[in-house]
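Enquirer: One file: data.json (JSON, C-alpha atoms).
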[["chain", "number", "residue", "atom", "x", "y", "z"],
["A", 1, "MET", "CA", -170.58, -17.14, 259.68],
["A", 2, "ASN", "CA", -172.03, -17.17, 256.18],
["A", 3, "ASP", "CA", -169.87, -14.52, 254.53],
["A", 4, "ALA", "CA", -168.42, -15.55, 251.18],
["A", 5, "PHE", "CA", -165.19, -14.14, 249.79],
["A", 6, "PRO", "CA", -163.97, -13.81, 246.19],
["A", 7, "VAL", "CA", -160.86, -15.98, 246.15],
["A", 8, "VAL", "CA", -158.34, -15.85, 243.32],
["A", 9, "GLU", "CA", -156.08, -18.56, 244.74],
["A", 10, "ILE", "CA", -154.87, -20.33, 247.87],
["A", 11, "PHE", "CA", -151.35, -21.72, 247.74],
["A", 12, "ALA", "CA", -148.35, -22.58, 249.91],
["A", 13, "SER", "CA", -145.08, -20.80, 249.25],
["A", 14, "ARG", "CA", -142.54, -18.47, 250.85],
["A", 15, "GLN", "CA", -142.86, -14.75, 251.30],
["A", 16, "GLY", "CA", -140.89, -13.19, 248.47],
["A", 17, "GLU", "CA", -140.51, -9.58, 249.67],
["A", 18, "GLY", "CA", -140.21, -7.35, 252.70],
["A", 19, "ALA", "CA", -139.00, -8.18, 256.19],
["A", 20, "ASN", "CA", -140.56, -11.67, 256.14],
["A", 21, "THR", "CA", -138.77, -12.79, 252.97],
["A", 22, "GLY", "CA", -138.28, -16.55, 253.05],
["A", 23, "ARG", "CA", -141.00, -17.26, 255.59],
["A", 24, "GLU", "CA", -143.15, -20.27, 254.75],
["A", 25, "ALA", "CA", -146.84, -19.49, 254.64],
["A", 26, "VAL", "CA", -150.12, -20.14, 252.91],
["A", 27, "PHE", "CA", -151.24, -17.25, 250.74],
["A", 28, "LEU", "CA", -154.92, -16.35, 250.55],
["A", 29, "ARG", "CA", -155.30, -14.06, 247.55],
["A", 30, "LEU", "CA", -158.64, -12.27, 247.48],
["A", 31, "GLY", "CA", -160.16, -10.71, 244.38],
["A", 32, "GLY", "CA", -161.34, -7.14, 244.04],
["A", 33, "CYS", "CA", -159.43, -3.93, 244.55],
["A", 34, "ASN", "CA", -160.00, -0.22, 245.02],
["A", 35, "LEU", "CA", -157.09, 0.61, 242.70],
["A", 36, "HIS", "CA", -156.15, -0.42, 239.15],
["A", 37, "CYS", "CA", -152.35, -0.45, 238.90],
["A", 38, "PRO", "CA", -151.01, -0.96, 235.35],
["A", 39, "TRP", "CA", -148.37, -3.45, 236.50],
["A", 40, "CYS", "CA", -150.67, -5.51, 238.77],
["A", 41, "ASP", "CA", -149.92, -9.24, 238.48],
["A", 42, "THR", "CA", -153.21, -10.53, 239.91],
["A", 43, "ASP", "CA", -155.62, -12.24, 237.54],
["A", 44, "PHE", "CA", -159.12, -11.25, 238.63],
["A", 45, "THR", "CA", -160.84, -13.12, 235.80],
["A", 46, "ALA", "CA", -160.83, -16.43, 237.67],
["A", 47, "VAL", "CA", -162.44, -15.72, 241.04],
["A", 48, "GLU", "CA", -164.21, -18.37, 243.12],
["A", 49, "SER", "CA", -166.73, -17.46, 245.82],
["A", 50, "LEU", "CA", -165.84, -19.41, 248.96],
["A", 51, "ASP", "CA", -167.27, -19.39, 252.46],
["A", 52, "ALA", "CA", -165.12, -19.29, 255.57],
["A", 53, "GLU", "CA", -165.29, -23.02, 256.25],
["A", 54, "THR", "CA", -164.11, -23.87, 252.74],
["A", 55, "ILE", "CA", -161.30, -21.32, 252.92],
["A", 56, "MET", "CA", -160.08, -22.76, 256.22],
["A", 57, "CYS", "CA", -160.14, -26.30, 254.85],
["A", 58, "ARG", "CA", -158.22, -25.35, 251.72],
["A", 59, "VAL", "CA", -155.63, -23.40, 253.69],
["A", 60, "ALA", "CA", -155.08, -26.40, 255.96],
["A", 61, "GLU", "CA", -154.83, -28.70, 252.94],
["A", 62, "ALA", "CA", -152.27, -26.43, 251.28],
["A", 63, "SER", "CA", -149.72, -26.73, 254.08],
["A", 64, "PRO", "CA", -149.38, -27.79, 257.73],
["A", 65, "VAL", "CA", -147.50, -24.50, 258.36],
["A", 66, "ARG", "CA", -149.65, -22.29, 260.56],
["A", 67, "ALA", "CA", -148.84, -19.02, 258.89],
["A", 68, "LEU", "CA", -151.31, -17.17, 256.67],
["A", 69, "ILE", "CA", -150.66, -14.17, 254.42],
["A", 70, "VAL", "CA", -153.81, -12.44, 253.18],
["A", 71, "THR", "CA", -153.24, -10.47, 250.02],
["A", 72, "GLY", "CA", -155.11, -9.35, 246.93],
["A", 73, "GLY", "CA", -156.38, -7.34, 245.32],
["A", 74, "GLU", "CA", -157.16, -5.33, 248.43],
["A", 75, "PRO", "CA", -158.22, -7.34, 251.51],
["A", 76, "THR", "CA", -159.60, -4.38, 253.49],
["A", 77, "ILE", "CA", -162.57, -3.91, 251.15],
["A", 78, "HIS", "CA", -164.19, -7.21, 252.15],
["A", 79, "ALA", "CA", -166.86, -7.36, 254.85],
["A", 80, "GLY", "CA", -166.53, -10.19, 257.33],
["A", 81, "LEU", "CA", -162.74, -10.45, 257.06],
["A", 82, "GLY", "CA", -162.22, -9.87, 260.78],
["A", 83, "ALA", "CA", -164.42, -12.82, 261.70],
["A", 84, "LEU", "CA", -162.58, -15.05, 259.23],
["A", 85, "LEU", "CA", -159.18, -14.06, 260.61],
["A", 86, "ALA", "CA", -160.42, -14.64, 264.16],
["A", 87, "ARG", "CA", -161.13, -18.25, 263.26],
["A", 88, "PHE", "CA", -157.59, -18.69, 261.94],
["A", 89, "LYS", "CA", -156.18, -17.00, 265.03],
["A", 90, "ARG", "CA", -158.09, -19.42, 267.28],
["A", 91, "ASP", "CA", -156.44, -22.23, 265.33],
["A", 92, "GLY", "CA", -153.01, -20.86, 266.16],
["A", 93, "TYR", "CA", -152.10, -19.13, 262.92],
["A", 94, "TRP", "CA", -149.59, -16.30, 262.56],
["A", 95, "ILE", "CA", -151.46, -13.88, 260.28],
["A", 96, "ALA", "CA", -150.11, -11.17, 258.00],
["A", 97, "MET", "CA", -151.95, -8.94, 255.58],
["A", 98, "GLU", "CA", -150.78, -6.95, 252.58],
["A", 99, "SER", "CA", -152.69, -3.76, 251.77],
["A", 100, "ASN", "CA", -152.34, -0.71, 249.55],
["A", 101, "GLY", "CA", -153.10, 1.41, 252.60],
["A", 102, "LEU", "CA", -156.02, 3.41, 251.25],
["A", 103, "ARG", "CA", -158.29, 1.97, 253.93],
["A", 104, "ARG", "CA", -157.34, 1.55, 257.56],
["A", 105, "PRO", "CA", -158.02, -2.07, 258.58],
["A", 106, "ALA", "CA", -161.19, -2.46, 260.61],
["A", 107, "ALA", "CA", -160.71, -2.96, 264.35],
["A", 108, "ASP", "CA", -161.69, -6.64, 264.23],
["A", 109, "VAL", "CA", -159.19, -7.20, 261.41],
["A", 110, "SER", "CA", -156.34, -5.41, 263.21],
["A", 111, "ALA", "CA", -157.07, -7.36, 266.40],
["A", 112, "ASN", "CA", -156.22, -10.61, 264.61],
["A", 113, "LEU", "CA", -153.18, -9.46, 262.64],
["A", 114, "ASP", "CA", -149.60, -10.21, 263.63],
["A", 115, "TYR", "CA", -148.13, -8.22, 260.76],
["A", 116, "LEU", "CA", -149.37, -5.53, 258.38],
["A", 117, "ALA", "CA", -147.46, -4.61, 255.22],
["A", 118, "VAL", "CA", -148.67, -1.47, 253.46],
["A", 119, "SER", "CA", -147.69, -0.77, 249.85],
["A", 120, "PRO", "CA", -148.96, 2.70, 248.83],
["A", 121, "LYS", "CA", -149.16, 3.38, 245.08],
["A", 122, "VAL", "CA", -147.67, 6.61, 243.71],
["A", 123, "ALA", "CA", -150.02, 6.64, 240.70],
["A", 124, "PHE", "CA", -152.84, 7.38, 243.14],
["A", 125, "ALA", "CA", -150.92, 9.77, 245.40],
["A", 126, "GLU", "CA", -153.77, 12.27, 245.68],
["A", 127, "ARG", "CA", -155.96, 9.64, 247.36],
["A", 128, "TYR", "CA", -153.47, 9.05, 250.19],
["A", 129, "ARG", "CA", -154.40, 12.17, 252.11],
["A", 130, "ALA", "CA", -157.79, 10.83, 253.19],
["A", 131, "GLU", "CA", -158.54, 10.39, 256.87],
["A", 132, "THR", "CA", -159.48, 6.77, 256.21],
["A", 133, "MET", "CA", -156.00, 5.68, 255.08],
["A", 134, "ALA", "CA", -153.72, 3.47, 257.18],
["A", 135, "ARG", "CA", -151.57, 5.47, 259.59],
["A", 136, "ALA", "CA", -149.47, 2.67, 261.05],
["A", 137, "ALA", "CA", -147.97, -0.57, 259.76],
["A", 138, "ASP", "CA", -145.21, -3.07, 260.45],
["A", 139, "GLU", "CA", -143.63, -2.20, 257.12],
["A", 140, "VAL", "CA", -144.16, 0.17, 254.23],
["A", 141, "ARG", "CA", -143.16, -0.92, 250.72],
["A", 142, "ILE", "CA", -143.17, 1.51, 247.80],
["A", 143, "VAL", "CA", -142.66, 0.35, 244.23],
["A", 144, "VAL", "CA", -140.34, 2.61, 242.24],
["A", 145, "ASP", "CA", -142.83, 3.23, 239.47],
["A", 146, "GLY", "CA", -141.64, 6.59, 238.13],
["A", 147, "PRO", "CA", -140.52, 9.67, 240.13],
["A", 148, "VAL", "CA", -141.53, 8.52, 243.61],
["A", 149, "ARG", "CA", -139.17, 10.59, 245.81],
["A", 150, "PRO", "CA", -141.81, 13.13, 246.94],
["A", 151, "PHE", "CA", -144.29, 10.30, 247.51],
["A", 152, "CYS", "CA", -141.77, 8.44, 249.69],
["A", 153, "ASP", "CA", -141.32, 11.52, 251.83],
["A", 154, "LEU", "CA", -145.10, 11.96, 252.09],
["A", 155, "MET", "CA", -145.75, 8.34, 253.08],
["A", 156, "ARG", "CA", -142.95, 8.41, 255.62],
["A", 157, "GLY", "CA", -144.67, 11.33, 257.27],
["A", 158, "LEU", "CA", -148.16, 9.82, 257.15],
["A", 159, "ILE", "CA", -147.55, 6.14, 257.96],
["A", 160, "GLN", "CA", -145.59, 5.21, 261.07],
["A", 161, "ALA", "CA", -143.60, 2.00, 260.66],
["A", 162, "PRO", "CA", -140.39, 0.43, 261.96],
["A", 163, "ARG", "CA", -139.38, -0.56, 258.40],
["A", 164, "TYR", "CA", -139.54, 1.25, 255.06],
["A", 165, "PHE", "CA", -138.70, -0.50, 251.77],
["A", 166, "LEU", "CA", -138.25, 0.44, 248.14],
["A", 167, "SER", "CA", -139.14, -2.21, 245.57],
["A", 168, "PRO", "CA", -137.91, -2.20, 241.96],
["A", 169, "CYS", "CA", -140.74, -2.15, 239.44],
["A", 170, "GLU", "CA", -140.92, -5.11, 237.07],
["A", 171, "ARG", "CA", -142.23, -4.64, 233.56],
["A", 172, "GLY", "CA", -141.96, -7.39, 230.99],
["A", 173, "GLY", "CA", -139.40, -9.28, 233.05],
["A", 174, "THR", "CA", -137.10, -6.29, 233.54],
["A", 175, "PHE", "CA", -136.53, -4.63, 236.92],
["A", 176, "ASN", "CA", -135.37, -1.02, 237.34],
["A", 177, "PHE", "CA", -132.66, -1.89, 239.86],
["A", 178, "GLU", "CA", -130.36, 1.02, 239.01],
["A", 179, "GLU", "CA", -133.11, 3.61, 239.43],
["A", 180, "THR", "CA", -134.12, 2.01, 242.73],
["A", 181, "ALA", "CA", -130.55, 1.96, 244.04],
["A", 182, "ALA", "CA", -130.06, 5.62, 243.18],
["A", 183, "LEU", "CA", -133.22, 6.59, 245.03],
["A", 184, "LEU", "CA", -132.19, 4.54, 248.06],
["A", 185, "GLY", "CA", -128.97, 6.53, 248.18],
["A", 186, "GLU", "CA", -130.85, 9.82, 248.03],
["A", 187, "LEU", "CA", -133.37, 8.90, 250.70],
["A", 188, "ASN", "CA", -130.71, 7.63, 253.10],
["A", 189, "ALA", "CA", -128.27, 10.51, 252.59],
["A", 190, "SER", "CA", -129.79, 12.29, 255.59],
["A", 191, "ALA", "CA", -129.13, 9.24, 257.81],
["A", 192, "ARG", "CA", -132.73, 9.27, 259.05],
["A", 193, "GLU", "CA", -133.69, 6.29, 261.20],
["A", 194, "PRO", "CA", -134.89, 3.78, 260.32],
["A", 195, "PRO", "CA", -133.25, 3.86, 256.89],
["A", 196, "TRP", "CA", -134.97, 2.89, 253.67],
["A", 197, "LEU", "CA", -134.14, -0.70, 252.67],
["A", 198, "LEU", "CA", -134.29, -2.68, 249.44],
["A", 199, "SER", "CA", -137.06, -5.23, 248.93],
["A", 200, "VAL", "CA", -137.01, -7.28, 245.74],
["A", 201, "GLN", "CA", -139.73, -9.61, 244.49],
["A", 202, "LEU", "CA", -137.57, -12.66, 245.09],
["A", 203, "HIS", "CA", -140.35, -15.01, 244.05],
["A", 204, "LYS", "CA", -140.16, -13.58, 240.52],
["A", 205, "LEU", "CA", -136.37, -13.73, 240.36],
["A", 206, "ALA", "CA", -136.13, -17.24, 241.83],
["A", 207, "GLY", "CA", -139.15, -18.62, 240.01],
["A", 208, "PHE", "CA", -141.37, -19.58, 242.93],
["A", 209, "ARG", "CA", -144.93, -18.32, 243.54]]
What do you get writing this file as structure tokens?

Expert:
Amino acid sequence: MNDAFPVVEIFASRQGEGANTGREAVFLRLGGCNLHCPWCDTDFTAVESLDAETIMCRVAEASPVRALIVTGGEPTIHAGLGALLARFKRDGYWIAMESNGLRRPAADVSANLDYLAVSPKVAFAERYRAETMARAADEVRIVVDGPVRPFCDLMRGLIQAPRYFLSPCERGGTFNFEETAALLGELNASAREPPWLLSVQLHKLAGFR
């Protein structure tokens, strides 16, 4: 396979949010995205084009832990991703992917995923009615970036998942915890199952990557 991917960074750490918080993994952060969120913390100015063999070597060098989290940017926009993930799967990796949900993962990508986290963005709500969006995930995480209550209801109806999370938005080192807690109370007042849960970016609070 000769596909090259724009790689922002490859590093070993722990998952800092969602249901897999605390899990050791190697993070493969790909450049490029189909959205431009104002609070995005990914630096796309330093992107390195790497082929699959180089990526696999660097992931193995980063940690002996056979767990890989593919994030971005937006991973689903890259051709050849399914073949890359298949190689990791053959090597015994547990594989997760984080996506904004605008594009449903290709069949060869989904076939090699153990976990899909979808984080729809309210600022682009009108784009989440397309037929091409993700309709199922292992978890849905929505950042409380403004009045997101109607968007939460919409995403709950459109994306089937066993877990739904609200994440406080961080701007300049400050998180809107109170606003997030209030919205959690509102969403869970109807006792709908599964309930909405809190997901914080623990890596930012605790100071790890």

Enquirer: Using all atoms listed in the file, which protein or nucleic acid residues come within 12 Å of Arg192 in chain A? Drop anything in the same chain fewer than 4 positions from it, and give the result as number ranges by chain.

Expert: A: 153, 156, 163-164, 184-188, 196-197

Enquirer: Around (-168.9, -13.5, 246.2), as given in the file, which residues come within 9 Å? Count only C-alpha atoms and list them as a PyMOL selection string.

Expert: chain A and resi 3-7+47-51

Enquirer: Selection from above, C-alpha atoms, as a PDB file, in the coordinates of the input, can you write it?

Expert:
ATOM      1  CA  ASP A   3    -169.870 -14.520 254.530  1.00  0.00           C
ATOM      2  CA  ALA A   4    -168.420 -15.550 251.180  1.00  0.00           C
ATOM      3  CA  PHE A   5    -165.190 -14.140 249.790  1.00  0.00           C
ATOM      4  CA  PRO A   6    -163.970 -13.810 246.190  1.00  0.00           C
ATOM      5  CA  VAL A   7    -160.860 -15.980 246.150  1.00  0.00           C
ATOM      6  CA  VAL A  47    -162.440 -15.720 241.040  1.00  0.00           C
ATOM      7  CA  GLU A  48    -164.210 -18.370 243.120  1.00  0.00           C
ATOM      8  CA  SER A  49    -166.730 -17.460 245.820  1.00  0.00           C
ATOM      9  CA  LEU A  50    -165.840 -19.410 248.960  1.00  0.00           C
ATOM     10  CA  ASP A  51    -167.270 -19.390 252.460  1.00  0.00           C
TER      11      ASP A  51
END

Enquirer: Nearest to Pro120 in chain A among A:Ile159, A:Leu81, A:Ala182, A:Ala106, with distances taken over all atoms listed in the file: which residue is it?

Expert: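 For Pro120 in chain A, the nearest of the given residues is A:Ile159.
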
Enquirer: Determine the nearest neighbour of Ile10 in chain A from the options A:Gly22, A:Gly157, A:Gly72, A:Gly82, counting all atoms listed in the file.

Expert: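 Of A:Gly22, A:Gly157, A:Gly72, A:Gly82, the one nearest Ile10 in chain A is A:Gly72, counting all atoms listed in the file.
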
Enquirer: Please, what distance in Å, to one decimal, runs between CA of Thr132 in chain A and CA of Arg103 in chain A?

Expert: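 Value for the CA of Thr132 in chain A-CA of Arg103 in chain A distance: 5.4 Å.
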
Enquirer: Expressed in Å to a single decimal, how great is the separation between CA of Glu126 in chain A and CA of Arg141 in chain A?

Expert: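 Spanning CA of Glu126 in chain A to CA of Arg141 in chain A is a straight-line distance of 17.7 Å.
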
Enquirer: Contacts of Ala161 in chain A at 6 Å or less, counting all atoms listed in the file, minus same-chain residues fewer than 6 places along, as number ranges by chain?

Expert: A: 136-139

Enquirer: Suppose you want the space between CA of Arg129 in chain A and CA of Gly146 in chain A; what is it in Å?

Expert: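 So the answer is 19.7 Å.
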
Enquirer: Using only C-alpha atoms, pick whichever of A:Arg127, A:Met97, A:Glu193, A:Val122 has the shortest atom-to-atom distance to Pro150 in chain A.

Expert: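 The closest residue to Pro150 in chain A is A:Val122.
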
Enquirer: Kindly indicate which residue among A:Pro168, A:Pro75, A:Gly173, A:Pro162 lies nearest to Pro195 in chain A, using all atoms listed in the file for the distances.

Expert: A:Pro162

Enquirer: Near Cys169 in chain A, within 12 Å and counting all atoms listed in the file, which residues show up once chain neighbours fewer than 2 positions away are dropped, as a ChimeraX atom specification?

Expert: /A:37-41,121-122,141-148,166-167,171-181,198-201,204

Enquirer: Can you complete the atoms of range 178-189 of chain A to all heavy atoms and list them as a PDB file, in the coordinates of the input?

Expert:
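In the end it all went to selection_32.pdb:
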ATOM      1  N   GLU A 178    -131.258  -0.128 238.917  1.00  0.00           N
ATOM      2  CA  GLU A 178    -130.360   1.020 239.010  1.00  0.00           C
ATOM      3  C   GLU A 178    -131.113   2.256 239.518  1.00  0.00           C
ATOM      4  O   GLU A 178    -130.622   2.993 240.387  1.00  0.00           O
ATOM      5  CB  GLU A 178    -129.725   1.313 237.656  1.00  0.00           C
ATOM      6  CG  GLU A 178    -128.685   2.424 237.711  1.00  0.00           C
ATOM      7  CD  GLU A 178    -127.939   2.588 236.397  1.00  0.00           C
ATOM      8  OE1 GLU A 178    -128.162   1.796 235.469  1.00  0.00           O
ATOM      9  OE2 GLU A 178    -127.117   3.523 236.309  1.00  0.00           O
ATOM     10  N   GLU A 179    -132.300   2.481 238.979  1.00  0.00           N
ATOM     11  CA  GLU A 179    -133.110   3.610 239.430  1.00  0.00           C
ATOM     12  C   GLU A 179    -133.452   3.479 240.913  1.00  0.00           C
ATOM     13  O   GLU A 179    -133.418   4.459 241.671  1.00  0.00           O
ATOM     14  CB  GLU A 179    -134.392   3.688 238.599  1.00  0.00           C
ATOM     15  CG  GLU A 179    -135.320   4.828 238.966  1.00  0.00           C
ATOM     16  CD  GLU A 179    -136.606   4.815 238.156  1.00  0.00           C
ATOM     17  OE1 GLU A 179    -136.763   3.935 237.273  1.00  0.00           O
ATOM     18  OE2 GLU A 179    -137.457   5.687 238.413  1.00  0.00           O
ATOM     19  N   THR A 180    -133.774   2.260 241.330  1.00  0.00           N
ATOM     20  CA  THR A 180    -134.120   2.010 242.730  1.00  0.00           C
ATOM     21  C   THR A 180    -132.922   2.243 243.642  1.00  0.00           C
ATOM     22  O   THR A 180    -133.044   2.861 244.711  1.00  0.00           O
ATOM     23  CB  THR A 180    -134.648   0.584 242.905  1.00  0.00           C
ATOM     24  OG1 THR A 180    -135.771   0.388 242.036  1.00  0.00           O
ATOM     25  CG2 THR A 180    -135.075   0.330 244.342  1.00  0.00           C
ATOM     26  N   ALA A 181    -131.752   1.776 243.231  1.00  0.00           N
ATOM     27  CA  ALA A 181    -130.550   1.960 244.040  1.00  0.00           C
ATOM     28  C   ALA A 181    -130.206   3.434 244.190  1.00  0.00           C
ATOM     29  O   ALA A 181    -129.819   3.890 245.282  1.00  0.00           O
ATOM     30  CB  ALA A 181    -129.376   1.207 243.400  1.00  0.00           C
ATOM     31  N   ALA A 182    -130.352   4.193 243.115  1.00  0.00           N
ATOM     32  CA  ALA A 182    -130.060   5.620 243.180  1.00  0.00           C
ATOM     33  C   ALA A 182    -130.993   6.330 244.157  1.00  0.00           C
ATOM     34  O   ALA A 182    -130.560   7.190 244.941  1.00  0.00           O
ATOM     35  CB  ALA A 182    -130.180   6.241 241.785  1.00  0.00           C
ATOM     36  N   LEU A 183    -132.261   5.963 244.131  1.00  0.00           N
ATOM     37  CA  LEU A 183    -133.220   6.590 245.030  1.00  0.00           C
ATOM     38  C   LEU A 183    -132.953   6.201 246.480  1.00  0.00           C
ATOM     39  O   LEU A 183    -133.089   7.029 247.386  1.00  0.00           O
ATOM     40  CB  LEU A 183    -134.652   6.213 244.627  1.00  0.00           C
ATOM     41  CG  LEU A 183    -135.766   6.824 245.470  1.00  0.00           C
ATOM     42  CD1 LEU A 183    -135.646   8.342 245.538  1.00  0.00           C
ATOM     43  CD2 LEU A 183    -137.132   6.419 244.924  1.00  0.00           C
ATOM     44  N   LEU A 184    -132.559   4.944 246.710  1.00  0.00           N
ATOM     45  CA  LEU A 184    -132.190   4.540 248.060  1.00  0.00           C
ATOM     46  C   LEU A 184    -131.066   5.413 248.607  1.00  0.00           C
ATOM     47  O   LEU A 184    -131.098   5.854 249.763  1.00  0.00           O
ATOM     48  CB  LEU A 184    -131.747   3.070 248.080  1.00  0.00           C
ATOM     49  CG  LEU A 184    -132.824   1.998 248.189  1.00  0.00           C
ATOM     50  CD1 LEU A 184    -132.207   0.620 247.981  1.00  0.00           C
ATOM     51  CD2 LEU A 184    -133.541   2.057 249.537  1.00  0.00           C
ATOM     52  N   GLY A 185    -130.071   5.678 247.767  1.00  0.00           N
ATOM     53  CA  GLY A 185    -128.970   6.530 248.180  1.00  0.00           C
ATOM     54  C   GLY A 185    -129.424   7.928 248.550  1.00  0.00           C
ATOM     55  O   GLY A 185    -128.970   8.511 249.540  1.00  0.00           O
ATOM     56  N   GLU A 186    -130.332   8.477 247.757  1.00  0.00           N
ATOM     57  CA  GLU A 186    -130.850   9.820 248.030  1.00  0.00           C
ATOM     58  C   GLU A 186    -131.632   9.866 249.340  1.00  0.00           C
ATOM     59  O   GLU A 186    -131.449  10.763 250.166  1.00  0.00           O
ATOM     60  CB  GLU A 186    -131.753  10.268 246.883  1.00  0.00           C
ATOM     61  CG  GLU A 186    -131.040  10.516 245.566  1.00  0.00           C
ATOM     62  CD  GLU A 186    -132.016  10.902 244.475  1.00  0.00           C
ATOM     63  OE1 GLU A 186    -133.143  11.321 244.815  1.00  0.00           O
ATOM     64  OE2 GLU A 186    -131.670  10.768 243.291  1.00  0.00           O
ATOM     65  N   LEU A 187    -132.521   8.903 249.517  1.00  0.00           N
ATOM     66  CA  LEU A 187    -133.370   8.900 250.700  1.00  0.00           C
ATOM     67  C   LEU A 187    -132.571   8.700 251.984  1.00  0.00           C
ATOM     68  O   LEU A 187    -132.926   9.237 253.036  1.00  0.00           O
ATOM     69  CB  LEU A 187    -134.435   7.813 250.581  1.00  0.00           C
ATOM     70  CG  LEU A 187    -135.538   8.048 249.547  1.00  0.00           C
ATOM     71  CD1 LEU A 187    -136.376   6.789 249.369  1.00  0.00           C
ATOM     72  CD2 LEU A 187    -136.419   9.211 249.968  1.00  0.00           C
ATOM     73  N   ASN A 188    -131.490   7.927 251.904  1.00  0.00           N
ATOM     74  CA  ASN A 188    -130.710   7.630 253.100  1.00  0.00           C
ATOM     75  C   ASN A 188    -129.547   8.574 253.321  1.00  0.00           C
ATOM     76  O   ASN A 188    -128.798   8.425 254.296  1.00  0.00           O
ATOM     77  CB  ASN A 188    -130.200   6.180 253.033  1.00  0.00           C
ATOM     78  CG  ASN A 188    -131.319   5.166 253.197  1.00  0.00           C
ATOM     79  OD1 ASN A 188    -132.311   5.429 253.863  1.00  0.00           O
ATOM     80  ND2 ASN A 188    -131.158   3.999 252.578  1.00  0.00           N
ATOM     81  N   ALA A 189    -129.394   9.570 252.451  1.00  0.00           N
ATOM     82  CA  ALA A 189    -128.270  10.510 252.590  1.00  0.00           C
ATOM     83  C   ALA A 189    -128.371  11.323 253.881  1.00  0.00           C
ATOM     84  O   ALA A 189    -127.362  11.741 254.444  1.00  0.00           O
ATOM     85  CB  ALA A 189    -128.226  11.452 251.385  1.00  0.00           C
TER      86      ALA A 189
END
